[in-house]
Structure formats: structure tokens, C-alpha cells
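For reference, protein.txt is printed below; it contains compact mmCIF, C-alpha atoms.
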# COMPACT_ATOMS: atom_id res chain seq x y z
CA MET D 237 97.03 126.02 83.34
CA ASP D 238 94.69 125.05 80.51
CA GLY D 239 93.14 127.67 78.24
CA THR D 240 90.02 128.10 80.39
CA ALA D 241 92.00 128.61 83.57
CA ASP D 242 94.30 131.05 81.76
CA GLN D 243 91.36 133.16 80.62
CA ILE D 244 89.78 133.21 84.08
CA GLU D 245 93.06 134.16 85.70
CA ALA D 246 93.66 136.91 83.14
CA VAL D 247 90.25 138.41 83.91
CA ARG D 248 90.87 138.15 87.66
CA ARG D 249 94.21 139.93 87.37
CA SER D 250 93.00 142.66 85.02
CA GLY D 251 89.59 143.24 86.56
CA ALA D 252 87.96 142.94 83.13
CA SER D 253 84.17 142.88 83.06
CA SER D 254 83.66 140.48 80.13
CA LEU D 255 84.56 136.78 79.76
CA ASP D 256 83.82 134.54 76.77
CA LEU D 257 84.38 130.80 77.30
CA SER D 258 82.46 129.63 74.23
CA GLY D 259 83.44 126.34 72.62
CA HIS D 260 85.66 125.06 75.44
CA SER D 261 83.84 121.70 75.84
CA LEU D 262 83.12 122.53 79.46
CA GLY D 263 81.10 119.89 81.32
CA THR D 264 81.11 121.88 84.56
CA LEU D 265 81.95 125.45 85.47
CA PRO D 266 85.29 126.00 87.23
CA GLU D 267 84.92 127.12 90.85
CA SER D 268 87.36 129.94 90.15
CA LEU D 269 84.61 131.67 88.14
CA ALA D 270 82.75 132.33 91.39
CA GLU D 271 85.46 134.85 92.34
CA LEU D 272 84.75 137.09 89.33
CA THR D 273 81.97 139.05 91.00
CA GLY D 274 82.67 142.12 88.86
CA LEU D 275 81.71 140.41 85.58
CA THR D 276 78.95 142.12 83.62
CA ARG D 277 79.14 139.82 80.59
CA LEU D 278 79.61 136.03 80.68
CA ILE D 279 79.30 133.94 77.51
CA LEU D 280 79.31 130.12 77.85
CA VAL D 281 77.86 129.17 74.46
CA ASP D 282 78.72 125.88 72.70
CA ASN D 283 79.85 123.83 75.69
CA GLN D 284 78.61 120.61 77.30
CA LEU D 285 77.06 121.97 80.46
CA SER D 286 74.25 119.77 81.80
CA ALA D 287 73.80 121.69 85.07
CA LEU D 288 74.73 125.05 86.54
CA PRO D 289 76.06 125.65 90.06
CA GLU D 290 73.96 127.60 92.56
CA TRP D 291 76.87 130.02 93.05
CA LEU D 292 76.25 131.40 89.56
CA GLY D 293 73.53 133.47 91.22
CA ASN D 294 76.23 135.30 93.20
CA LEU D 295 77.55 137.04 90.05
CA THR D 296 75.01 139.81 90.56
CA ALA D 297 76.83 142.39 88.40
CA LEU D 298 75.97 140.40 85.25
CA THR D 299 73.90 142.16 82.60
CA GLU D 300 74.52 139.61 79.81
CA LEU D 301 74.58 135.82 80.20
CA GLY D 302 74.88 133.48 77.21
CA LEU D 303 74.20 129.78 77.80
CA GLY D 304 73.10 128.70 74.34
CA ASN D 305 73.95 125.32 72.82
CA ASN D 306 74.64 123.33 75.96
CA GLN D 307 72.86 120.30 77.48
CA LEU D 308 71.01 121.99 80.30
CA THR D 309 67.90 120.19 81.56
CA VAL D 310 67.23 122.42 84.59
CA LEU D 311 68.20 125.88 85.78
CA PRO D 312 69.12 126.74 89.36
CA GLU D 313 66.67 128.89 91.33
CA SER D 314 69.61 131.17 92.14
CA LEU D 315 69.54 132.41 88.54
CA GLY D 316 66.74 134.65 89.75
CA ASN D 317 69.26 136.57 91.85
CA LEU D 318 70.78 138.08 88.69
CA THR D 319 68.33 140.97 88.68
CA GLY D 320 70.64 143.19 86.61
CA LEU D 321 70.41 140.91 83.55
CA THR D 322 69.10 142.60 80.42
CA TRP D 323 70.12 139.80 78.01
CA LEU D 324 69.74 136.05 78.64
CA GLY D 325 70.40 133.40 75.99
CA LEU D 326 69.26 129.82 76.68
CA SER D 327 68.68 128.50 73.17
CA GLY D 328 69.62 124.98 72.10
CA ASN D 329 69.37 123.24 75.46
CA ARG D 330 67.07 120.51 76.85
CA LEU D 331 64.92 122.54 79.19
CA SER D 332 61.42 121.21 79.80
CA THR D 333 60.66 123.50 82.75
CA LEU D 334 61.81 126.91 83.95
CA PRO D 335 62.23 128.03 87.56
CA GLU D 336 59.69 130.52 88.92
CA SER D 337 62.64 132.67 90.01
CA LEU D 338 63.18 133.79 86.38
CA GLY D 339 60.30 136.15 87.04
CA ASN D 340 62.67 138.17 89.24
CA LEU D 341 64.70 139.23 86.19
CA THR D 342 62.56 142.29 85.57
CA ALA D 343 65.35 144.20 83.77
CA LEU D 344 65.45 141.66 80.92
CA THR D 345 64.80 143.13 77.49
CA TRP D 346 65.93 140.08 75.45
CA LEU D 347 65.21 136.42 76.29
CA ASP D 348 66.00 133.52 73.94
CA LEU D 349 64.43 130.17 74.91
CA SER D 350 64.41 128.67 71.42
CA GLY D 351 65.34 125.06 70.75
CA ASN D 352 64.27 123.58 74.08
CA ARG D 353 61.48 121.20 75.22
CA LEU D 354 59.14 123.65 76.92
CA SER D 355 55.46 122.69 76.98
CA THR D 356 54.43 125.34 79.53
CA LEU D 357 55.72 128.68 80.77
CA PRO D 358 55.82 129.66 84.45
CA GLU D 359 53.36 132.39 85.42
CA SER D 360 56.19 134.43 86.94
CA LEU D 361 57.46 135.30 83.43
CA GLY D 362 54.53 137.69 83.26
CA ASN D 363 56.63 139.98 85.47
CA LEU D 364 59.15 140.56 82.66
CA THR D 365 57.42 143.68 81.39
CA ALA D 366 60.63 145.23 80.03
CA LEU D 367 61.05 142.45 77.43
CA THR D 368 61.21 143.72 73.86
CA TRP D 369 62.26 140.38 72.29
CA LEU D 370 61.06 136.89 73.28
CA ASP D 371 62.07 133.86 71.22
CA LEU D 372 60.21 130.57 71.88
CA THR D 373 60.99 128.92 68.53
CA ASP D 374 61.26 125.10 68.38
CA ASN D 375 59.59 124.14 71.65
CA GLU D 376 56.53 122.01 72.49
CA LEU D 377 54.01 124.69 73.43
CA SER D 378 50.41 123.71 72.70
CA ALA D 379 48.86 126.73 74.43
CA LEU D 380 49.94 130.20 75.51
CA PRO D 381 49.06 131.90 78.80
CA GLU D 382 46.90 135.03 78.82
CA TRP D 383 49.60 136.89 80.77
CA LEU D 384 51.69 137.15 77.59
CA GLY D 385 49.51 140.16 76.86
CA ASP D 386 51.04 141.89 79.90
CA LEU D 387 54.44 142.06 78.17
CA THR D 388 53.48 145.31 76.51
CA ALA D 389 57.05 146.35 75.58
CA LEU D 390 57.43 143.37 73.19
CA THR D 391 58.34 144.36 69.66
CA ARG D 392 59.11 140.81 68.50
CA LEU D 393 57.61 137.48 69.55
CA ASP D 394 58.80 134.31 67.81
CA LEU D 395 56.60 131.21 68.23
CA THR D 396 57.79 129.28 65.17
CA ASN D 397 57.62 125.45 65.25
CA ASN D 398 55.48 124.75 68.29
CA GLN D 399 52.15 122.93 68.60
CA LEU D 400 49.81 125.89 69.02
CA THR D 401 46.19 125.48 67.93
CA ARG D 402 45.01 128.91 69.05
CA LEU D 403 46.32 132.24 70.31
CA PRO D 404 45.15 134.09 73.41
CA GLU D 405 43.14 137.25 72.75
CA SER D 406 45.47 139.09 75.13
CA LEU D 407 48.20 139.12 72.44
CA GLY D 408 46.08 141.72 70.67
CA SER D 409 47.01 144.23 73.37
CA LEU D 410 50.71 144.13 72.42
CA ALA D 411 50.58 147.49 70.67
CA ALA D 412 54.38 147.78 70.29
CA LEU D 413 54.66 144.42 68.48
CA THR D 414 56.18 144.77 65.00
CA ARG D 415 56.83 141.09 64.27
CA LEU D 416 55.00 137.91 65.25
CA ASP D 417 56.30 134.60 63.84
CA LEU D 418 53.83 131.66 63.83
CA VAL D 419 55.12 129.34 61.09
CA GLY D 420 55.04 125.60 61.89
CA ASN D 421 52.09 125.49 64.30
CA ARG D 422 48.58 123.99 64.15
CA LEU D 423 46.47 127.10 64.27
CA THR D 424 42.83 126.56 63.33
CA VAL D 425 41.42 129.90 64.47
CA VAL D 426 42.87 133.31 63.65
CA PRO D 427 41.84 135.98 66.18
CA GLN D 428 40.21 139.18 64.96
CA TRP D 429 43.16 141.34 65.98
CA LEU D 430 45.44 139.29 63.69
CA ARG D 431 42.98 139.29 60.78
CA ASP D 432 42.59 143.06 61.12
CA PRO D 433 45.68 144.63 62.73
CA THR D 434 44.01 148.06 62.72
CA THR D 435 41.92 146.90 65.69
CA ARG D 436 45.03 146.77 67.90
CA ARG D 437 45.69 149.67 70.22
CA GLN D 438 48.49 151.92 69.05
CA PRO D 439 50.48 154.36 71.20
CA VAL D 440 50.09 157.90 69.87
CA ASN D 441 52.69 160.67 70.07
CA ALA D 442 54.67 159.36 73.03
CA PRO D 443 57.47 161.87 73.76
CA VAL D 444 60.87 161.21 72.21
CA GLN D 445 64.26 162.76 72.87
CA ALA D 446 65.89 164.44 69.87
CA TRP D 447 69.67 164.45 70.09
CA ILE D 448 71.64 166.74 67.78
CA ASP D 449 75.30 166.26 68.64
CA ASP D 450 75.29 166.70 72.44
CA THR D 451 72.11 168.74 72.68
CA CYS D 452 68.82 167.09 73.67
CA THR D 453 65.32 168.41 72.94
CA THR D 454 62.09 166.77 74.10
CA VAL D 455 59.66 166.28 71.20
CA THR D 456 56.00 165.92 72.18
CA GLY D 457 54.19 166.49 68.89
CA ALA D 458 54.41 166.94 65.13
CA THR D 459 55.12 170.67 65.33
CA ASP D 460 58.06 170.12 67.69
CA LEU D 461 59.40 167.40 65.41
CA ASP D 462 59.19 169.56 62.27
CA ASP D 463 61.07 172.31 64.11
CA VAL D 464 63.85 169.84 64.94
CA LEU D 465 63.97 168.40 61.40
CA ASP D 466 64.17 171.91 59.88
CA ARG D 467 67.50 172.48 61.63
CA VAL D 468 69.11 169.04 61.29
CA PRO D 469 72.86 169.35 60.54
CA SER D 470 74.72 167.04 58.18
CA SER D 471 75.48 164.71 61.11
CA GLY D 472 71.73 164.07 61.49
CA VAL D 473 69.46 163.74 64.52
CA SER D 474 68.81 160.74 66.78
CA LEU D 475 65.21 160.32 67.95
CA VAL D 476 65.22 158.15 71.09
CA SER D 477 62.15 156.57 72.69
CA GLU D 478 61.14 157.73 76.14
CA ASP D 479 62.43 154.48 77.69
CA GLY D 480 65.72 154.73 75.79
CA VAL D 481 65.28 151.30 74.14
CA ARG D 482 64.60 152.32 70.52
CA SER D 483 66.14 155.01 68.36
CA LEU D 484 65.82 156.31 64.81
CA HIS D 485 68.77 158.24 63.37
CA VAL D 486 67.71 160.57 60.57
CA THR D 487 69.98 162.28 58.03
CA LEU D 488 68.42 164.76 55.60
CA ASP D 489 70.22 165.45 52.34
CA GLY D 490 67.63 165.66 49.57
CA GLY D 491 67.55 162.43 47.58
CA ARG D 492 70.49 161.09 49.57
CA SER D 493 68.76 161.07 52.94
CA GLY D 494 68.92 158.01 55.18
CA LEU D 495 67.65 156.27 58.28
CA VAL D 496 69.20 153.90 60.84
CA TRP D 497 66.98 152.01 63.29
CA GLU D 498 68.38 150.59 66.52
CA ASP D 499 66.83 148.70 69.42
CA GLU D 500 68.14 146.13 71.89
CA ARG D 501 68.70 143.57 69.14
CA ASP D 502 68.45 145.12 65.68
CA VAL D 503 70.58 147.60 63.80
CA LEU D 504 68.86 148.22 60.46
CA LEU D 505 69.36 150.60 57.55
CA SER D 506 66.67 152.16 55.38
CA TRP D 507 66.27 150.63 51.97
CA GLY D 508 63.66 152.73 50.20
CA PRO D 509 59.90 152.68 49.70
CA VAL D 510 58.02 149.61 50.84
CA PRO D 511 57.15 147.59 47.70
CA PRO D 512 53.50 146.66 47.03
CA GLY D 513 52.47 143.55 48.94
CA ALA D 514 55.42 143.52 51.34
CA PRO D 515 54.41 142.28 54.81
CA PRO D 516 54.72 144.93 57.55
CA GLY D 517 58.01 144.80 59.42
CA MET D 518 59.72 142.52 56.89
CA THR D 519 63.38 143.17 56.15
CA ALA D 520 65.13 142.72 52.85
CA GLY D 521 66.87 139.68 54.33
CA ASP D 522 63.49 138.05 54.92
CA ALA D 523 62.38 138.89 51.41
CA GLU D 524 65.17 136.79 49.91
CA TYR D 525 63.34 133.69 51.11
CA VAL D 526 59.79 134.86 50.46
CA PHE D 527 59.77 136.62 47.11
CA SER D 528 61.17 135.31 43.86
CA ASP D 529 62.00 138.89 42.87
CA PRO D 530 63.18 140.60 46.06
CA TRP D 531 63.41 144.37 46.07
CA PHE D 532 67.01 144.70 47.12
CA THR D 533 69.57 144.97 44.32
CA VAL D 534 72.27 142.33 44.66
CA GLU D 535 73.41 140.23 47.60
CA GLY D 536 75.72 142.18 49.86
CA ALA D 537 74.89 145.54 48.30
CA GLU D 538 74.63 148.61 50.49
CA PRO D 539 71.14 150.04 50.91
CA GLY D 540 70.42 152.98 48.63
CA GLU D 541 69.59 156.48 49.80
CA ILE D 542 66.00 157.56 50.22
CA THR D 543 64.26 160.86 49.62
CA GLU D 544 64.04 163.56 52.26
CA GLY D 545 60.27 163.24 52.19
CA LEU D 546 60.42 159.56 53.10
CA ALA D 547 62.92 160.24 55.89
CA ARG D 548 60.69 162.95 57.37
CA GLN D 549 57.65 160.69 57.09
CA ALA D 550 59.54 157.93 58.93
CA ALA D 551 60.42 160.33 61.75
CA HIS D 552 56.77 161.29 62.18
CA GLU D 553 55.70 157.63 62.11
CA PHE D 554 58.17 156.81 64.89
CA LEU D 555 56.84 159.70 66.98
CA GLY D 556 53.26 158.55 66.43
CA THR D 557 53.67 154.83 67.05
CA GLY D 558 56.91 154.29 68.97
CA ARG D 559 57.75 151.50 66.51
CA ARG D 560 60.09 151.01 63.59
CA PRO D 561 58.64 153.03 60.69
CA SER D 562 56.90 151.02 58.00
CA ASN D 563 56.95 153.61 55.19
CA VAL D 564 60.44 152.41 54.21
CA GLN D 565 61.98 148.95 53.90
CA TRP D 566 64.78 147.80 56.18
CA VAL D 567 67.86 145.63 55.74
CA ASP D 568 70.21 144.22 58.39
CA LYS D 569 73.26 146.43 58.74
CA PRO D 570 76.44 144.72 57.45
Translate the structure of the given file into C-alpha cells.
Amino acid sequence: MDGTADQIEAVRRSGASSLDLSGHSLGTLPESLAELTGLTRLILVDNQLSALPEWLGNLTALTELGLGNNQLTVLPESLGNLTGLTWLGLSGNRLSTLPESLGNLTALTWLDLSGNRLSTLPESLGNLTALTWLDLTDNELSALPEWLGDLTALTRLDLTNNQLTRLPESLGSLAALTRLDLVGNRLTVVPQWLRDPTTRRQPVNAPVQAWIDDTCTTVTGATDLDDVLDRVPSSGVSLVSEDGVRSLHVTLDGGRSGLVWEDERDVLLSWGPVPPGAPPGMTAGDAEYVFSDPWFTVEGAEPGEITEGLARQAAHEFLGTGRRPSNVQWVDKP
């Protein structure tokens, strides 16, 4: 058997739930894959797939499906049967349209459609209200639908390198949004909510779960949070959003305190106070390309500790907004 067949057979025999066939120069998917109905993760990145079989929709246990960097021009309607998917990667293909059935994937939190040929988006995508990350970079979009404002869980929306001349007012209702990328478009009008971000609605004091070791406490306000922070052990406390998607881990140790932020895509470490003029939500990695004198120390260096006051302030900001705190700077975790 060739390498692909060997891998498929090994998964079939072992009952493994993950299969990575990246970089195998596959032009079609082997029929034997259809038997692996227990797969939860299937990665097919960097192949030569121009079409997908309808039977792919029978792998209903999948939660992650990676199809980036292929030659796909269409997607089968059966893809909409994969209602357990939380992560779908379709970047670097040749898609000019998307099937309406993608709107059935209501568990998706991460959807990458970058590097395709999309000029419109199907209305059914407005059903994907669990999305926290949507990447539409390098497409041919000249306008955006108003229903994008219904995706209220979005924390990041990337629209870089399209043909947009305006933005729908409905984007101003995306109160959880921490990053919006618009470079490489043709915008002539900037909406009020983008000129003055304070006009956007912000969630206030949504409950969070505070986990200290194996003990959970529900935090509903500043007083509750201070009570939790006053008894944080050396292992720290994890503050988890009500929907379980975002968490802030806080360690308090005087001037050697620290923060770790995690969501569906990012794992970031605290870096210290936000420098004057730094754009909200920008990481140290971004700063390398924007500022001639970035505020991190040297390339590859570990983030420094922060003060206990900053760590406590970050915890309160997370409770108040549900978003990544902006009182400290963040760097991608090595």
C-alpha cells in the first residue's frame, strides 16, 4: 500500500479519531476514507483536490476539517451535514461560490475562507452565530451583507485585500469584536462606529466561572471577583466566559504577576502596560511591522512579568467586557 493507504488503514485498525493527510498530492479522496465514521479531525491541507465527494458529509463525527491550499472550485451540499464542526479551513482554494448548506454548521467557531474568489456570501452564513473568528482575506468582495451584524460572537473579522468601498452599519453591533482588519480595500466612507468605537454596545459584567484548581465559583460582579482574587493560590485562577470560549488565567505574585489569554484560536501572554499610541488589540508580533521601535525587548524573548495591579485590572476588564483585556499588551505564546 502507498503511504496514504497505510495511514488510513492504521486509523481504521486502531480506531483513532484524527487523520492528517497533508501534502500527499491527492487529486481525489480515497473511498476507504468513507469508512472512518469515527473521525473527529481530518486534515487534507496542501493537496491537489479540485472536488470533494458527497460521501464526505457522512463523516458526521468531525469537529475539525482542514481543506486549505487545494484547488477546490465548488463544495458539495453534503458538507452541511457536518453539524458538529467547530473548525473549518478552506483557505487557498478557487471558490467563487459557497453552498447554502454551510449555514447548517451552527457549531462553527472558526471559519477560514481566505485566498479564494468570493464576490458574494450566501445569506445562510448569517446562521453561524457561534463564530468567533471569520477570515475573508484575499477575496473579491465589493460589498458586505447586513446580516454580518448578526454574528455577535465574533471577536476577529479579517477583510484584508478585498474591493470594499463601504461597510454595513450592522458591523457596529459586534460588541465582542476586538480586531477588524480592513487593509487593501477601497473604503471611501468610515462609519461613525469605527470613527468613535465608544459608540459601540459593550457587554457589561456577564458572569464568568472562576476555577481555582478543581473548584469553580460563579463571579457576577466586581465584589465577587475581588473576593476570588484575594484568595488566589500560586497556581493562579482561570476566569472562563459563560459560553466557555474565552478564558483569562491570572497569577498574582507582586511584580511578577502574569496573564494568559486563550480563545478558540489564540494563546497569548501578557507583556506589560500598553504603550502610548498602540492600537487596541494589537499584539507585540503586529507591532514589529508597524512601529520602528516596538515595545518588546528582543526577538524571541519571553514576555516580562507585570505588576499585581495590572493583573487585577485585567481581570476586572474581562469581567466587564467579555473581551481580551486592553490594559496590557499581548504577545503570541511561543
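Contact shell of stretch 442-458 of chain D at 10 Å (all atoms listed in the file; same-chain neighbours under 6 positions omitted): Val464, Leu465, Arg467, Val468, Pro469, Ser471, Gly472, Val473, Ser474, Leu475, Val476, Ser477, Glu478, Asp479, Gly480, Arg482, Ser483, Leu484, His485, Ala551, His552, Glu553, Phe554, Leu555, Gly556, Thr557 and Gly558 of chain D.
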Can you write just those residues out, C-alpha atoms, as a PDB file, in the coordinates of the input?
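Output below, filename selection_26.pdb:
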ATOM      1  CA  VAL D 464      63.850 169.840  64.940  1.00  0.00           C
ATOM      2  CA  LEU D 465      63.970 168.400  61.400  1.00  0.00           C
ATOM      3  CA  ARG D 467      67.500 172.480  61.630  1.00  0.00           C
ATOM      4  CA  VAL D 468      69.110 169.040  61.290  1.00  0.00           C
ATOM      5  CA  PRO D 469      72.860 169.350  60.540  1.00  0.00           C
ATOM      6  CA  SER D 471      75.480 164.710  61.110  1.00  0.00           C
ATOM      7  CA  GLY D 472      71.730 164.070  61.490  1.00  0.00           C
ATOM      8  CA  VAL D 473      69.460 163.740  64.520  1.00  0.00           C
ATOM      9  CA  SER D 474      68.810 160.740  66.780  1.00  0.00           C
ATOM     10  CA  LEU D 475      65.210 160.320  67.950  1.00  0.00           C
ATOM     11  CA  VAL D 476      65.220 158.150  71.090  1.00  0.00           C
ATOM     12  CA  SER D 477      62.150 156.570  72.690  1.00  0.00           C
ATOM     13  CA  GLU D 478      61.140 157.730  76.140  1.00  0.00           C
ATOM     14  CA  ASP D 479      62.430 154.480  77.690  1.00  0.00           C
ATOM     15  CA  GLY D 480      65.720 154.730  75.790  1.00  0.00           C
ATOM     16  CA  ARG D 482      64.600 152.320  70.520  1.00  0.00           C
ATOM     17  CA  SER D 483      66.140 155.010  68.360  1.00  0.00           C
ATOM     18  CA  LEU D 484      65.820 156.310  64.810  1.00  0.00           C
ATOM     19  CA  HIS D 485      68.770 158.240  63.370  1.00  0.00           C
ATOM     20  CA  ALA D 551      60.420 160.330  61.750  1.00  0.00           C
ATOM     21  CA  HIS D 552      56.770 161.290  62.180  1.00  0.00           C
ATOM     22  CA  GLU D 553      55.700 157.630  62.110  1.00  0.00           C
ATOM     23  CA  PHE D 554      58.170 156.810  64.890  1.00  0.00           C
ATOM     24  CA  LEU D 555      56.840 159.700  66.980  1.00  0.00           C
ATOM     25  CA  GLY D 556      53.260 158.550  66.430  1.00  0.00           C
ATOM     26  CA  THR D 557      53.670 154.830  67.050  1.00  0.00           C
ATOM     27  CA  GLY D 558      56.910 154.290  68.970  1.00  0.00           C
TER      28      GLY D 558
END
**OP:** Work out how far atom CA of D:Ala366 is from atom CA of D:Asn294, in Å to one decimal.
**Re:** 22.7 Å
Subject >> Residues within 12 Å of D:Ser261, only C-alpha atoms, excluding chain neighbours under 2 positions, as a list in words >> reply: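 The filter keeps Gly239, Thr240, Leu257, Ser258, Gly259, Gly263, Thr264, Leu265, Leu280, Val281, Asp282, Asn283, Gln284, Leu285, Ser286, Asn305, Asn306 and Gln307 of chain D.
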Quick one: which stretch 359-382 of chain D residues come within 7 Å of stretch 344-351 of chain D, and what is the nearest atom pair for each with the distance in Å to one decimal, counting only C-alpha atoms, rows ordered by chain and ascending number, as a Markdown table?
| residue | atom | partner | partner_atom | distance |
| --- | --- | --- | --- | --- |
| D:Leu364 | CA | D:Leu344 | CA | 6.6 |
| D:Ala366 | CA | D:Thr345 | CA | 5.3 |
| D:Leu367 | CA | D:Thr345 | CA | 3.8 |
| D:Thr368 | CA | D:Thr345 | CA | 5.1 |
| D:Trp369 | CA | D:Trp346 | CA | 4.9 |
| D:Leu370 | CA | D:Leu347 | CA | 5.1 |
| D:Asp371 | CA | D:Asp348 | CA | 4.8 |
| D:Leu372 | CA | D:Ser350 | CA | 4.6 |
| D:Thr373 | CA | D:Ser350 | CA | 4.5 |
| D:Asp374 | CA | D:Gly351 | CA | 4.7 |
| D:Asn375 | CA | D:Gly351 | CA | 5.9 |
**OP:** With a distance cut-off of 8 Å and all atoms listed in the file, select the neighbouring residues of stretch 401-410 of chain D, excluding the residue or stretch itself and same-chain residues fewer than 2 positions from it, and output the selection as a PyMOL selection string.
**Re:** chain D and resi 378-390+399+412-413+421-427+429-430+436-437
Please save C-alpha atoms of the selected residues as an mmCIF file, keeping the file's coordinate frame.
data_model
loop_
_atom_site.group_PDB
_atom_site.id
_atom_site.type_symbol
_atom_site.label_atom_id
_atom_site.label_comp_id
_atom_site.auth_asym_id
_atom_site.auth_seq_id
_atom_site.Cartn_x
_atom_site.Cartn_y
_atom_site.Cartn_z
ATOM 1 C CA SER D 378 50.410 123.710 72.700
ATOM 2 C CA ALA D 379 48.860 126.730 74.430
ATOM 3 C CA LEU D 380 49.940 130.200 75.510
ATOM 4 C CA PRO D 381 49.060 131.900 78.800
ATOM 5 C CA GLU D 382 46.900 135.030 78.820
ATOM 6 C CA TRP D 383 49.600 136.890 80.770
ATOM 7 C CA LEU D 384 51.690 137.150 77.590
ATOM 8 C CA GLY D 385 49.510 140.160 76.860
ATOM 9 C CA ASP D 386 51.040 141.890 79.900
ATOM 10 C CA LEU D 387 54.440 142.060 78.170
ATOM 11 C CA THR D 388 53.480 145.310 76.510
ATOM 12 C CA ALA D 389 57.050 146.350 75.580
ATOM 13 C CA LEU D 390 57.430 143.370 73.190
ATOM 14 C CA GLN D 399 52.150 122.930 68.600
ATOM 15 C CA ALA D 412 54.380 147.780 70.290
ATOM 16 C CA LEU D 413 54.660 144.420 68.480
ATOM 17 C CA ASN D 421 52.090 125.490 64.300
ATOM 18 C CA ARG D 422 48.580 123.990 64.150
ATOM 19 C CA LEU D 423 46.470 127.100 64.270
ATOM 20 C CA THR D 424 42.830 126.560 63.330
ATOM 21 C CA VAL D 425 41.420 129.900 64.470
ATOM 22 C CA VAL D 426 42.870 133.310 63.650
ATOM 23 C CA PRO D 427 41.840 135.980 66.180
ATOM 24 C CA TRP D 429 43.160 141.340 65.980
ATOM 25 C CA LEU D 430 45.440 139.290 63.690
ATOM 26 C CA ARG D 436 45.030 146.770 67.900
ATOM 27 C CA ARG D 437 45.690 149.670 70.220
#
Original post:
Pick from D:Ala270, D:Leu326, D:Val503, D:Ala287: nearest to D:Leu308, with only C-alpha atoms counted?
Top reply: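 Using only C-alpha atoms, D:Leu308 sits closest to D:Ala287.
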**OP:** List every protein, DNA or RNA residue that has at least one atom no more than 12 Å from (65.8, 163.7, 53.7) in the file's coordinates, counting all atoms listed in the file, and write the result as a PyMOL selection string.
**Re:** chain D and resi 465-470+472-473+485-495+506+508+541-551
Original post:
So, counting all atoms listed in the file, which residue among D:Leu461, D:Ala411, D:Leu331, D:Ile279 is closest to D:Glu376?
Top reply: D:Leu331
Subject >> Point-to-point distance from atom CA of D:Ala252 to atom CA of D:Leu338, Å rounded to tenths >> reply: 26.6 Å
Please give the centre and size of the box around stretch 330-340 of chain D (axis-aligned, containing every atom listed in the file, 3 Å added per side), with values in Å to one decimal and written as JSON.
{"center_x": 63.4, "center_y": 129.3, "center_z": 83.4, "size_x": 13.4, "size_y": 23.7, "size_z": 19.2}
Subject >> atom CA of D:Arg330 to atom CA of D:Ser254, distance in Å rounded to a single decimal >> reply: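 According to the coordinates, atom CA of D:Arg330 and atom CA of D:Ser254 are separated by 26.2 Å.
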Subject >> Answer as number ranges by chain, residues within 12 Å of (79.6, 130.9, 88.8) using all atoms listed in the file >> reply: D: 244, 255, 264-275, 278-280, 287-298, 301, 312, 314-315, 318
C-alpha atoms of the current selection, written as a PDB file, keeping the file's coordinate frame:
ATOM      1  CA  ILE D 244      89.780 133.210  84.080  1.00  0.00           C
ATOM      2  CA  LEU D 255      84.560 136.780  79.760  1.00  0.00           C
ATOM      3  CA  THR D 264      81.110 121.880  84.560  1.00  0.00           C
ATOM      4  CA  LEU D 265      81.950 125.450  85.470  1.00  0.00           C
ATOM      5  CA  PRO D 266      85.290 126.000  87.230  1.00  0.00           C
ATOM      6  CA  GLU D 267      84.920 127.120  90.850  1.00  0.00           C
ATOM      7  CA  SER D 268      87.360 129.940  90.150  1.00  0.00           C
ATOM      8  CA  LEU D 269      84.610 131.670  88.140  1.00  0.00           C
ATOM      9  CA  ALA D 270      82.750 132.330  91.390  1.00  0.00           C
ATOM     10  CA  GLU D 271      85.460 134.850  92.340  1.00  0.00           C
ATOM     11  CA  LEU D 272      84.750 137.090  89.330  1.00  0.00           C
ATOM     12  CA  THR D 273      81.970 139.050  91.000  1.00  0.00           C
ATOM     13  CA  GLY D 274      82.670 142.120  88.860  1.00  0.00           C
ATOM     14  CA  LEU D 275      81.710 140.410  85.580  1.00  0.00           C
ATOM     15  CA  LEU D 278      79.610 136.030  80.680  1.00  0.00           C
ATOM     16  CA  ILE D 279      79.300 133.940  77.510  1.00  0.00           C
ATOM     17  CA  LEU D 280      79.310 130.120  77.850  1.00  0.00           C
ATOM     18  CA  ALA D 287      73.800 121.690  85.070  1.00  0.00           C
ATOM     19  CA  LEU D 288      74.730 125.050  86.540  1.00  0.00           C
ATOM     20  CA  PRO D 289      76.060 125.650  90.060  1.00  0.00           C
ATOM     21  CA  GLU D 290      73.960 127.600  92.560  1.00  0.00           C
ATOM     22  CA  TRP D 291      76.870 130.020  93.050  1.00  0.00           C
ATOM     23  CA  LEU D 292      76.250 131.400  89.560  1.00  0.00           C
ATOM     24  CA  GLY D 293      73.530 133.470  91.220  1.00  0.00           C
ATOM     25  CA  ASN D 294      76.230 135.300  93.200  1.00  0.00           C
ATOM     26  CA  LEU D 295      77.550 137.040  90.050  1.00  0.00           C
ATOM     27  CA  THR D 296      75.010 139.810  90.560  1.00  0.00           C
ATOM     28  CA  ALA D 297      76.830 142.390  88.400  1.00  0.00           C
ATOM     29  CA  LEU D 298      75.970 140.400  85.250  1.00  0.00           C
ATOM     30  CA  LEU D 301      74.580 135.820  80.200  1.00  0.00           C
ATOM     31  CA  PRO D 312      69.120 126.740  89.360  1.00  0.00           C
ATOM     32  CA  SER D 314      69.610 131.170  92.140  1.00  0.00           C
ATOM     33  CA  LEU D 315      69.540 132.410  88.540  1.00  0.00           C
ATOM     34  CA  LEU D 318      70.780 138.080  88.690  1.00  0.00           C
TER      35      LEU D 318
END
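If only C-alpha atoms are the atoms counted, then among D:Leu393, D:Leu400, D:Asn329, D:Ser360 the closest residue to D:Asp417 is D:Leu393.
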Subject >> From D:Thr299, D:Gln565, D:Thr365, D:Thr356, residue lying nearest D:Thr342 [all atoms listed in the file] >> reply: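 Answer, going by the shortest atom-to-atom distance: D:Thr365.
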